Structure formats: C-alpha cells, structure tokens
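Trainee: Got a file for you: data-v7.txt, compact mmCIF, C-alpha atoms.
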# COMPACT_ATOMS: atom_id res chain seq x y z
CA MET A 21 -9.85 -31.50 -15.32
CA ASN A 22 -7.66 -32.47 -12.35
CA THR A 23 -7.51 -30.64 -9.01
CA LEU A 24 -4.35 -28.69 -9.88
CA SER A 25 -5.91 -27.40 -13.11
CA ARG A 26 -9.06 -26.31 -11.27
CA ILE A 27 -7.03 -24.43 -8.67
CA LYS A 28 -4.98 -22.81 -11.44
CA GLU A 29 -8.11 -21.74 -13.32
CA LYS A 30 -9.92 -20.39 -10.24
CA TYR A 31 -7.07 -18.81 -8.30
CA GLY A 32 -4.31 -18.45 -10.90
CA GLU A 33 -4.71 -14.70 -11.32
CA SER A 34 -4.81 -14.11 -7.57
CA ILE A 35 -1.71 -16.24 -7.00
CA VAL A 36 0.18 -14.43 -9.76
CA GLY A 37 -0.89 -11.09 -8.29
CA PHE A 38 0.27 -12.08 -4.81
CA LEU A 39 3.65 -13.24 -6.16
CA GLU A 40 4.01 -10.01 -8.15
CA VAL A 41 3.35 -7.86 -5.08
CA THR A 42 5.68 -9.96 -2.92
CA LEU A 43 8.52 -9.75 -5.46
CA ALA A 44 7.96 -6.03 -6.02
CA ALA A 45 7.94 -5.41 -2.25
CA ALA A 46 11.24 -7.28 -1.90
CA ILE A 47 12.81 -5.27 -4.72
CA GLY A 48 11.47 -1.99 -3.31
CA LEU A 49 12.75 -2.70 0.19
CA GLY A 50 16.10 -3.83 -1.20
CA ALA A 51 16.53 -0.68 -3.29
CA SER A 52 15.47 1.46 -0.32
CA ALA A 53 18.00 -0.32 1.92
CA VAL A 54 20.77 0.49 -0.56
CA LEU A 55 19.71 4.15 -0.60
CA ILE A 56 19.56 4.36 3.21
CA ARG A 57 22.98 2.72 3.55
CA ALA A 58 24.44 5.05 0.92
CA GLY A 59 23.16 7.96 3.02
CA GLY A 60 25.11 6.68 6.02
CA TYR A 61 22.15 5.32 8.02
CA SER A 62 21.19 1.87 9.23
CA PRO A 63 18.57 0.16 7.01
CA ALA A 64 17.70 -2.24 9.85
CA ASP A 65 16.95 0.62 12.24
CA ALA A 66 15.05 2.54 9.58
CA PHE A 67 12.77 -0.38 8.68
CA TYR A 68 12.32 -1.33 12.33
CA TYR A 69 11.05 2.13 13.22
CA LEU A 70 9.00 2.28 10.02
CA PHE A 71 7.22 -0.88 11.12
CA ARG A 72 6.96 0.22 14.75
CA GLY A 73 5.45 3.53 13.72
CA SER A 74 2.79 1.83 11.61
CA PHE A 75 1.94 -1.42 13.41
CA GLY A 76 4.04 -1.43 16.61
CA SER A 77 1.19 -0.49 18.94
CA LEU A 78 -2.56 -0.03 18.92
CA TYR A 79 -2.10 3.72 18.57
CA SER A 80 0.17 3.18 15.54
CA LEU A 81 -2.35 0.79 14.02
CA TYR A 82 -5.15 3.32 14.48
CA THR A 83 -3.00 5.98 12.82
CA THR A 84 -2.27 3.67 9.89
CA LEU A 85 -5.96 2.89 9.45
CA SER A 86 -6.86 6.58 9.63
CA TYR A 87 -4.48 7.35 6.74
CA SER A 88 -6.04 4.54 4.70
CA ILE A 89 -9.56 6.04 4.86
CA PRO A 90 -9.33 8.55 1.97
CA LEU A 91 -6.94 6.34 0.00
CA MET A 92 -9.52 3.55 -0.27
CA LEU A 93 -11.87 6.01 -1.96
CA THR A 94 -9.38 7.72 -4.27
CA GLY A 95 -7.99 4.28 -5.15
CA LEU A 96 -11.50 3.16 -6.06
CA ALA A 97 -12.01 6.33 -8.11
CA PHE A 98 -8.97 5.54 -10.25
CA ALA A 99 -9.87 1.85 -10.47
CA VAL A 100 -13.36 2.56 -11.85
CA SER A 101 -11.86 4.77 -14.55
CA VAL A 102 -9.28 2.16 -15.49
CA ARG A 103 -11.99 -0.48 -15.72
CA ALA A 104 -13.74 1.83 -18.21
CA GLY A 105 -10.55 2.19 -20.26
CA LEU A 106 -9.79 5.70 -18.96
CA PHE A 107 -6.60 7.01 -17.35
CA ASN A 108 -8.39 9.55 -15.16
CA ILE A 109 -5.94 11.21 -12.76
CA GLY A 110 -8.36 13.92 -11.67
CA ALA A 111 -9.08 12.60 -8.17
CA GLU A 112 -6.54 15.05 -6.77
CA GLY A 113 -8.47 18.11 -7.94
CA GLN A 114 -11.80 16.57 -7.00
CA VAL A 115 -10.56 16.04 -3.44
CA TYR A 116 -9.62 19.74 -3.24
CA ILE A 117 -12.89 21.00 -4.64
CA SER A 118 -15.02 18.72 -2.45
CA ALA A 119 -13.14 19.85 0.66
CA LEU A 120 -14.00 23.43 -0.30
CA GLY A 121 -17.63 22.32 -0.65
CA ALA A 122 -17.58 21.06 2.94
CA ILE A 123 -16.16 24.40 4.12
CA ILE A 124 -18.81 26.31 2.14
CA ALA A 125 -21.53 24.27 3.86
CA ALA A 126 -19.91 24.89 7.24
CA SER A 127 -19.97 28.64 6.61
CA ILE A 128 -23.75 28.72 6.17
CA ALA A 129 -25.99 29.39 9.14
CA MET A 130 -28.41 26.47 9.45
CA PRO A 131 -29.82 24.09 12.08
CA SER A 132 -26.98 22.01 13.50
CA TYR A 133 -28.44 18.69 12.33
CA LEU A 134 -28.17 19.85 8.71
CA TYR A 135 -24.41 20.47 8.71
CA LEU A 136 -23.31 16.87 8.07
CA PRO A 137 -25.71 16.13 5.19
CA MET A 138 -25.08 19.54 3.60
CA GLU A 139 -21.29 19.09 3.78
CA PHE A 140 -21.55 15.76 2.01
CA LEU A 141 -24.11 17.06 -0.49
CA ILE A 142 -22.26 20.22 -1.55
CA GLY A 143 -18.79 18.63 -1.46
CA ILE A 144 -19.72 15.57 -3.49
CA LEU A 145 -21.83 17.58 -5.94
CA LEU A 146 -18.91 19.91 -6.68
CA ALA A 147 -16.56 16.95 -7.15
CA VAL A 148 -18.93 15.17 -9.54
CA LEU A 149 -19.40 18.34 -11.61
CA TRP A 150 -15.62 18.84 -11.64
CA SER A 151 -15.11 15.28 -12.84
CA LEU A 152 -17.84 15.57 -15.48
CA ALA A 153 -16.05 18.59 -16.94
CA ALA A 154 -13.21 16.26 -17.93
CA GLY A 155 -15.77 13.69 -19.05
CA ALA A 156 -17.55 16.18 -21.30
CA LEU A 157 -14.26 17.28 -22.85
CA LYS A 158 -13.41 13.63 -23.49
CA VAL A 159 -16.76 12.58 -24.94
CA TRP A 160 -17.69 15.62 -27.02
CA LYS A 161 -14.32 17.17 -27.91
CA GLY A 162 -12.00 14.18 -27.80
CA VAL A 163 -9.67 15.84 -25.27
CA ASN A 164 -7.36 13.28 -23.69
CA GLU A 165 -8.42 12.79 -20.07
CA VAL A 166 -4.81 12.87 -18.83
CA VAL A 167 -4.33 16.39 -20.19
CA SER A 168 -7.70 17.74 -19.04
CA THR A 169 -7.50 16.26 -15.54
CA ILE A 170 -3.97 17.57 -14.97
CA MET A 171 -5.17 21.05 -15.92
CA LEU A 172 -8.31 20.72 -13.79
CA ASN A 173 -6.21 19.57 -10.83
CA TRP A 174 -4.17 22.78 -10.93
CA ILE A 175 -7.24 24.95 -11.47
CA ALA A 176 -8.91 23.32 -8.47
CA PHE A 177 -5.79 23.82 -6.36
CA TRP A 178 -5.62 27.55 -6.98
CA ILE A 179 -9.39 28.09 -6.64
CA VAL A 180 -9.39 26.38 -3.25
CA GLU A 181 -6.19 28.09 -2.14
CA TYR A 182 -7.63 31.48 -3.15
CA ALA A 183 -10.86 30.74 -1.29
CA ARG A 184 -8.88 29.62 1.78
CA ALA A 185 -6.79 32.77 1.86
CA ASN A 186 -9.39 35.36 0.85
CA ILE A 187 -12.93 34.16 1.53
CA TYR A 188 -13.17 31.40 4.12
CA TYR A 189 -10.06 32.19 6.22
CA ASP A 190 -10.21 31.94 9.98
CA PRO A 191 -9.70 35.49 11.39
CA LEU A 192 -8.01 33.99 14.46
CA SER A 193 -5.69 31.78 12.42
CA PRO A 194 -5.41 32.96 8.79
CA ASP A 195 -3.25 29.98 7.80
CA ARG A 196 -6.41 27.90 7.58
CA THR A 197 -10.09 28.16 6.70
CA ILE A 198 -12.86 28.38 9.23
CA ARG A 199 -13.19 25.13 11.12
CA ILE A 200 -16.00 22.64 10.69
CA PRO A 201 -18.50 23.16 13.55
CA LEU A 202 -18.78 20.40 16.12
CA ALA A 203 -22.17 19.35 14.79
CA GLY A 204 -20.68 18.92 11.31
CA ARG A 205 -17.79 16.63 12.25
CA LEU A 206 -17.63 12.86 11.88
CA PRO A 207 -17.15 11.27 15.32
CA LEU A 208 -13.89 9.63 16.30
CA LEU A 209 -13.99 5.85 16.33
CA VAL A 210 -11.32 5.62 19.05
CA ALA A 211 -10.87 8.48 21.52
CA ASN A 212 -7.51 10.31 21.54
CA THR A 213 -6.48 8.88 18.17
CA SER A 214 -6.95 10.06 14.57
CA LEU A 215 -9.11 7.07 13.63
CA TYR A 216 -12.53 8.46 12.80
CA SER A 217 -15.76 6.80 11.78
CA GLY A 218 -15.07 7.45 8.10
CA ILE A 219 -13.33 4.08 7.91
CA ILE A 220 -16.71 2.37 8.27
CA ILE A 221 -18.05 4.46 5.40
CA SER A 222 -15.00 3.74 3.25
CA ILE A 223 -15.17 -0.02 3.75
CA GLY A 224 -18.92 0.07 3.12
CA VAL A 225 -18.35 1.98 -0.12
CA VAL A 226 -15.72 -0.57 -1.21
CA VAL A 227 -18.25 -3.39 -0.75
CA VAL A 228 -20.96 -1.45 -2.60
CA MET A 229 -18.58 -0.68 -5.47
CA TYR A 230 -17.61 -4.33 -5.70
CA ILE A 231 -21.28 -5.26 -6.04
CA ILE A 232 -21.88 -2.50 -8.61
CA MET A 233 -18.87 -3.43 -10.70
CA TRP A 234 -19.38 -7.21 -10.70
CA LYS A 235 -23.09 -7.73 -10.08
CA THR A 236 -24.93 -4.97 -11.98
CA ALA A 237 -25.48 -3.98 -15.59
CA VAL A 238 -23.73 -0.64 -15.04
CA GLY A 239 -20.58 -2.37 -13.80
CA TYR A 240 -20.74 -4.92 -16.60
CA GLU A 241 -20.90 -2.18 -19.22
CA ILE A 242 -18.02 -0.25 -17.62
CA ARG A 243 -15.82 -3.34 -17.60
CA ALA A 244 -16.88 -4.37 -21.11
CA VAL A 245 -15.97 -0.95 -22.55
CA GLY A 246 -12.62 -1.10 -20.78
CA LEU A 247 -11.86 -4.52 -22.18
CA ASN A 248 -12.86 -3.79 -25.77
CA LEU A 249 -14.29 -0.45 -26.89
CA PHE A 250 -15.20 -1.53 -30.42
CA ALA A 251 -16.82 -4.82 -29.43
CA SER A 252 -18.87 -2.92 -26.83
CA LYS A 253 -20.09 -0.48 -29.48
CA TYR A 254 -20.94 -3.38 -31.76
CA GLY A 255 -22.84 -4.98 -28.87
CA GLY A 256 -25.04 -1.91 -28.47
CA ILE A 257 -23.42 -0.35 -25.42
CA LYS A 258 -23.50 3.45 -25.44
CA THR A 259 -19.80 3.96 -24.80
CA SER A 260 -20.02 7.76 -24.41
CA LEU A 261 -22.64 7.36 -21.68
CA VAL A 262 -20.50 4.72 -19.97
CA ALA A 263 -17.51 7.10 -20.01
CA LEU A 264 -19.61 9.82 -18.37
CA GLU A 265 -20.86 7.32 -15.78
CA ALA A 266 -17.29 6.33 -14.98
CA PHE A 267 -16.24 9.98 -14.59
CA ALA A 268 -19.27 10.69 -12.37
CA ILE A 269 -18.62 7.67 -10.12
CA SER A 270 -14.95 8.65 -9.89
CA GLY A 271 -15.94 12.18 -8.89
CA LEU A 272 -18.37 10.90 -6.30
CA LEU A 273 -15.75 8.67 -4.68
CA SER A 274 -13.06 11.36 -4.71
CA GLY A 275 -15.54 13.89 -3.36
CA LEU A 276 -16.42 11.57 -0.51
CA ALA A 277 -12.72 11.28 0.32
CA GLY A 278 -12.19 15.06 0.31
CA VAL A 279 -15.25 15.76 2.46
CA MET A 280 -14.46 13.09 5.03
CA GLU A 281 -10.81 14.10 5.33
CA THR A 282 -11.96 17.66 6.07
CA ILE A 283 -14.78 16.93 8.49
CA GLY A 284 -13.35 13.79 10.11
CA ARG A 285 -9.60 14.02 10.69
CA PRO A 286 -8.53 15.68 13.94
CA PRO A 287 -7.29 18.13 15.00
CA THR A 288 -7.59 20.46 11.99
CA TYR A 289 -11.17 20.15 10.64
CA ALA A 290 -10.26 22.79 8.06
CA ILE A 291 -8.20 23.37 4.91
CA VAL A 292 -4.71 24.62 5.77
CA THR A 293 -2.12 26.68 3.85
CA GLY A 294 -1.02 25.04 0.60
CA LEU A 295 -3.76 22.42 1.10
CA THR A 296 -1.09 20.35 2.84
CA ASN A 297 -3.67 18.19 4.61
CA LEU A 298 -5.15 17.22 1.23
CA VAL A 299 -2.23 17.18 -1.21
CA ASN A 300 -1.43 13.80 -2.80
CA LEU A 301 -4.55 11.99 -1.56
CA GLY A 302 -5.64 11.65 -5.19
CA PHE A 303 -2.22 10.75 -6.59
CA ASN A 304 -1.59 8.20 -3.84
CA GLY A 305 -4.92 6.67 -4.79
CA ILE A 306 -3.40 5.82 -8.18
CA ALA A 307 -0.69 3.79 -6.46
CA VAL A 308 -3.29 2.14 -4.22
CA SER A 309 -5.35 1.12 -7.23
CA LEU A 310 -2.34 -0.23 -9.15
CA ILE A 311 -1.11 -2.23 -6.15
CA GLY A 312 -4.63 -3.55 -5.56
CA ARG A 313 -4.89 -4.61 -9.23
CA ASN A 314 -7.81 -2.19 -9.75
CA ASN A 315 -10.02 -4.52 -7.72
CA PRO A 316 -12.17 -3.05 -4.89
CA ILE A 317 -11.25 -5.86 -2.51
CA GLY A 318 -7.52 -5.59 -3.34
CA ILE A 319 -7.70 -1.85 -2.71
CA ILE A 320 -8.37 -2.36 1.03
CA PRO A 321 -4.98 -3.95 1.91
CA ALA A 322 -3.23 -1.68 -0.61
CA SER A 323 -4.61 1.45 1.07
CA ILE A 324 -3.62 0.14 4.50
CA PHE A 325 -0.11 -0.52 3.17
CA ILE A 326 0.26 3.03 1.84
CA GLY A 327 -1.28 4.32 5.07
CA ALA A 328 1.35 2.37 7.01
CA LEU A 329 4.16 3.97 5.00
CA THR A 330 2.75 7.39 5.88
CA ALA A 331 2.25 6.56 9.55
CA GLY A 332 5.68 4.97 9.95
CA ALA A 333 7.57 7.71 8.14
CA THR A 334 7.56 10.02 11.15
CA SER A 335 8.88 7.29 13.42
CA MET A 336 11.65 6.50 10.92
CA GLN A 337 12.63 10.15 10.79
CA ILE A 338 12.61 10.78 14.56
CA PHE A 339 14.02 7.55 16.02
CA ALA A 340 16.26 6.28 13.19
CA GLY A 341 17.50 9.79 12.36
CA VAL A 342 16.76 9.42 8.66
CA PRO A 343 16.23 12.87 7.06
CA LEU A 344 12.76 13.74 5.80
CA GLU A 345 13.95 13.91 2.19
CA MET A 346 15.36 10.39 2.37
CA VAL A 347 12.22 9.09 4.10
CA GLN A 348 10.14 10.50 1.24
CA ALA A 349 12.54 8.95 -1.29
CA VAL A 350 12.19 5.56 0.41
CA GLN A 351 8.40 5.87 0.35
CA GLY A 352 8.51 6.81 -3.32
CA ILE A 353 10.75 3.90 -4.28
CA ILE A 354 8.58 1.32 -2.50
CA VAL A 355 5.35 2.70 -3.93
CA ILE A 356 6.67 3.02 -7.48
CA VAL A 357 8.15 -0.48 -7.55
CA LEU A 358 4.91 -1.95 -6.19
CA ALA A 359 2.84 -0.05 -8.73
CA ILE A 360 4.93 -1.03 -11.77
CA PRO A 361 3.21 -4.43 -12.44
CA GLY A 362 -0.21 -2.75 -12.45
CA LEU A 363 1.03 0.04 -14.67
CA ILE A 364 2.45 -2.47 -17.16
CA ARG A 365 -0.92 -4.23 -17.34
CA ILE A 366 -2.70 -0.93 -18.03
CA LEU A 367 -0.22 0.00 -20.77
CA LYS A 368 -0.65 -3.44 -22.36
CA SER A 369 -4.43 -3.02 -22.41
CA TYR A 370 -4.08 0.44 -24.02
CA ILE A 371 -1.80 -0.99 -26.72
CA LYS A 372 -4.30 -3.77 -27.42
CA ARG A 373 -7.12 -1.20 -27.75
Transcribe the structure of this file into structure tokens.
Mentor:
Amino acid sequence: MNTLSRIKEKYGESIVGFLEVTLAAAIGLGASAVLIRAGGYSPADAFYYLFRGSFGSLYSLYTTLSYSIPLMLTGLAFAVSVRAGLFNIGAEGQVYISALGAIIAASIAMPSYLYLPMEFLIGILLAVLWSLAAGALKVWKGVNEVVSTIMLNWIAFWIVEYARANIYYDPLSPDRTIRIPLAGRLPLLVANTSLYSGIIISIGVVVVMYIIMWKTAVGYEIRAVGLNLFASKYGGIKTSLVALEAFAISGLLSGLAGVMETIGRPPTYAIVTGLTNLVNLGFNGIAVSLIGRNNPIGIIPASIFIGALTAGATSMQIFAGVPLEMVQAVQGIIVIVLAIPGLIRILKSYIKR
C-alpha cells in the first residue's frame, strides 16, 4: 500500500467531512447573501459585523464560547442517540425539566455548600427520568421516539412554565423564578463577561464521552446497535437495554446543560417568562451534532460555530441595521445547509436498517 492509499484510508473520512462542511458553509453564506441583498441591505456589512460580534474582540470571543457551553452537551446528547440508531429529539424538554430541578433545589433551605451538588443532582435526575419515559415507550410499547419526545418536549415546557408562574416565581419580579443563591452559582471564568466555568465541565464531558463511546464496552454496544440492529441481536447484545442506556445518557447530558445554563449564565440565574433563556438549546444541539458528524470531538468546533452565530447576531442587527427577523433567517439558512450532509447520512443509515 503506497503513502497516498494509507492517507486515504486513515484520514479519508475526515477529509471528506471537512470538504462537506466547507462546501455547505459556502452555499449557506451565498444563499444568506442573496437574502440580505434582496432585503435591501449590504451582505458585506452584515457578515463583517456578524464576525466582529463573535470573534472581533476578546469580549466577543468569550461571549461566543459561553453560548457554546450548553450546545456541546445537547449536541452530545443527540449524537449518542444517533449512534444507537435512535432519532431522539427530546433534549429540548430535558433541558427545561432539569432547569426546573435546579430551581427546586435552590428553593430548599439547606447549608450553602449543598446547593451546587443538590442542583446538579435533582436537575440531572429529573432529566434522566424524563428521557427514560421516552425510552420505556420505545422499548416496551414500540412508540416511535420522534413522536414521544416531541410530546414530552411540550409537556415539559408547560410544566416548567406553570411552575415558573405559579410556584417558584420571584415576588419582586414575577416574570422569572426565584434566583439561584450565590452559593449555588457556577463561578465566572472571566470577570465582567458571560463566560462561566461550565465550559471546563462541558469540554471534560466531551472527552469522557469520547472515551466511553470508543474505548468501552458500553460505547461499542451502542455503536454496534446503531450500525446494525439485527446483527447486534444475533451477536448477543441486549438491544433494548442498549436503547435505554442511550436514552439515559442523553438525558444526563441534556440535564447537565439545563442545570448549568440556569446556575452559570449571568445575569439571570433563573428561568424567565416563556423559558426564553432555555428555548432551542436542545434543538440547536441537533444541528451541532449533525455538523460535527455525531463525533464528540467534531461537536466542539460545531458548538463554537453555532455559538458564534448567536453571539454575532446582535452585532449584525445593531450595526448593519439588518432586522431581527432577517438575522434569524440568515442563521437558519446557514445552520440548515451545514446540517444537511449529516442528515442525509442519518437517513441513509435508517433506510439500510
């Protein structure tokens, strides 16, 4: 085997993935430029301020990284499910329910040093149980996980919104829940920015998940079931148990994202009206996972990219004068185009199954 063949065998998939993302990014930016021009605005100005708002200064970079923190985790949650052959879109609801868990813990009188562990414990536990509800329906009743998780997402939304408005509301500011006490908050990583220490946890979890998925028996079984369900059964793998494991891991990761976004991101440290500080963290994780090719390592740059789009959107709106609706359309176009190659791969694997 010559050198070129060895490089192709070892890095071929990575090179193809990089070319796919590059081409998709070019198409997405091109389509967005056409839309911005059609709206009567300057694409050059819009993209300049989008970049400046996300990477143009240290403060912008910190903001971008802060937005990537929960997306790494919700992206991982979707990726684990896909690797198990599941299209689990329940991270959104699990983020909501885990955030409520953190608020419940914050409402309990206890020694100050217990707030942080209790917020993580209650929030993640609720998210795992919420995820396992979809898993149980899938394993024992054959309910399609797409249908059950969509329904559970909406149920979670209205439970949390009801609790925010009627049980855990702040008497001084009823548009939000009670705030996380100082002892229960994750510390900021950089003062006077939104970058909190959760990014260290998120990156650490990415590394751990990579090891679990590629270096342990649990990860091997999850990936084997995703590649071929029938061969896995024939090989003695308990596929129902693997599905429940995948749902539980997904719930754990999404729960971690919801808790950290509630107890770490300044200045709110609460759940606000309409859950606007939590909405779409789970759905954006799907795009992150698809762009990152459902690989834990690929999810890190993908989450930073989506975080940059979020951070730069405000700058594009204020300085380039692009209306909010068009900014959101531009974000949507770029994300969808980038996610299409990953979505096609998932659909192909489903057809093969």
Trainee: Could you list, as a PyMOL selection string, every residue within 9 Å of range 121-123 of chain A, counting all atoms listed in the file and ignoring same-chain residues fewer than 3 positions away?
Mentor: chain A and resi 116-118+126-128+135-136+138-147+188+197-200+278-280+282-283+290-291
Trainee: Can you find the residues with an atom no farther than 12 Å from (2.6, 2.4, 16.4), counting only C-alpha atoms, and report them as a list in words?
Mentor: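 Answer for this query, in the requested form: Tyr68, Tyr69, Leu70, Phe71, Arg72, Gly73, Ser74, Phe75, Gly76, Ser77, Leu78, Tyr79, Ser80, Leu81, Tyr82, Thr83, Thr84, Leu85, Thr213, Ala328, Leu329, Thr330, Ala331, Gly332, Ala333, Thr334, Ser335 and Met336 of chain A.
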Trainee: Please, what distance in Å, to one decimal, runs between CA of Ile269 in chain A and CA of Ala97 in chain A?
Mentor: 7.0 Å
Trainee: Within 10 Å of range 360-370 of chain A, which residues of range 180-286 of chain A come that close, and what is the closest atom pair and distance in Å for each? Count all atoms listed in the file and give it as a Markdown table.
Mentor:
| residue | atom | partner | partner_atom | distance |
| --- | --- | --- | --- | --- |
| A:Gly246 | CA | A:Ser369 | CA | 8.6 |
| A:Leu247 | CA | A:Ser369 | CA | 7.6 |
| A:Asn248 | CA | A:Ser369 | CA | 9.1 |
Trainee: What are the closest atom pairs, with distances in Å to one decimal, for all residues of range 215-306 of chain A lying within 7 Å of range 207-210 of chain A? Consider all atoms listed in the file, order rows by chain and residue number, and present the result as JSON lines.
Mentor:
{"residue": "A:Leu215", "atom": "CA", "partner": "A:Leu209", "partner_atom": "CA", "distance": 5.7}
{"residue": "A:Tyr216", "atom": "CA", "partner": "A:Leu208", "partner_atom": "CA", "distance": 3.9}
{"residue": "A:Ser217", "atom": "CA", "partner": "A:Leu209", "partner_atom": "CA", "distance": 5.0}
{"residue": "A:Gly284", "atom": "CA", "partner": "A:Pro207", "partner_atom": "CA", "distance": 6.9}
Trainee: Pick from A:Val167, A:Ile47, A:Ala322, A:Leu295: nearest to Ala307 in chain A, with all atoms listed in the file counted?
Mentor: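 Answer, going by the shortest atom-to-atom distance: A:Ala322.
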Trainee: Can you work out the spacing between CA of Ala359 in chain A and CA of Ser101 in chain A in Å, to one decimal?
Mentor: 16.5 Å
Trainee: Using only C-alpha atoms, find the one residue out of A:Ala119, A:Val36, A:Ala66, A:Met92 that sits nearest to Gly327 in chain A.
Mentor: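 Distance minimum relative to Gly327 in chain A lands on A:Met92.
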Trainee: Quick one: contact table of range 23-104 of chain A to range 230-244 of chain A, 12 Å max, nearest atom pair and distance in Å to one decimal per residue, counting only C-alpha atoms, chain and number order, as a Markdown table?
Mentor:
| residue | atom | partner | partner_atom | distance |
| --- | --- | --- | --- | --- |
| A:Leu96 | CA | A:Tyr230 | CA | 9.7 |
| A:Ala99 | CA | A:Met233 | CA | 10.4 |
| A:Val100 | CA | A:Ile242 | CA | 7.9 |
| A:Ser101 | CA | A:Ile242 | CA | 8.5 |
| A:Val102 | CA | A:Arg243 | CA | 8.8 |
| A:Arg103 | CA | A:Arg243 | CA | 5.1 |
| A:Ala104 | CA | A:Ile242 | CA | 4.8 |
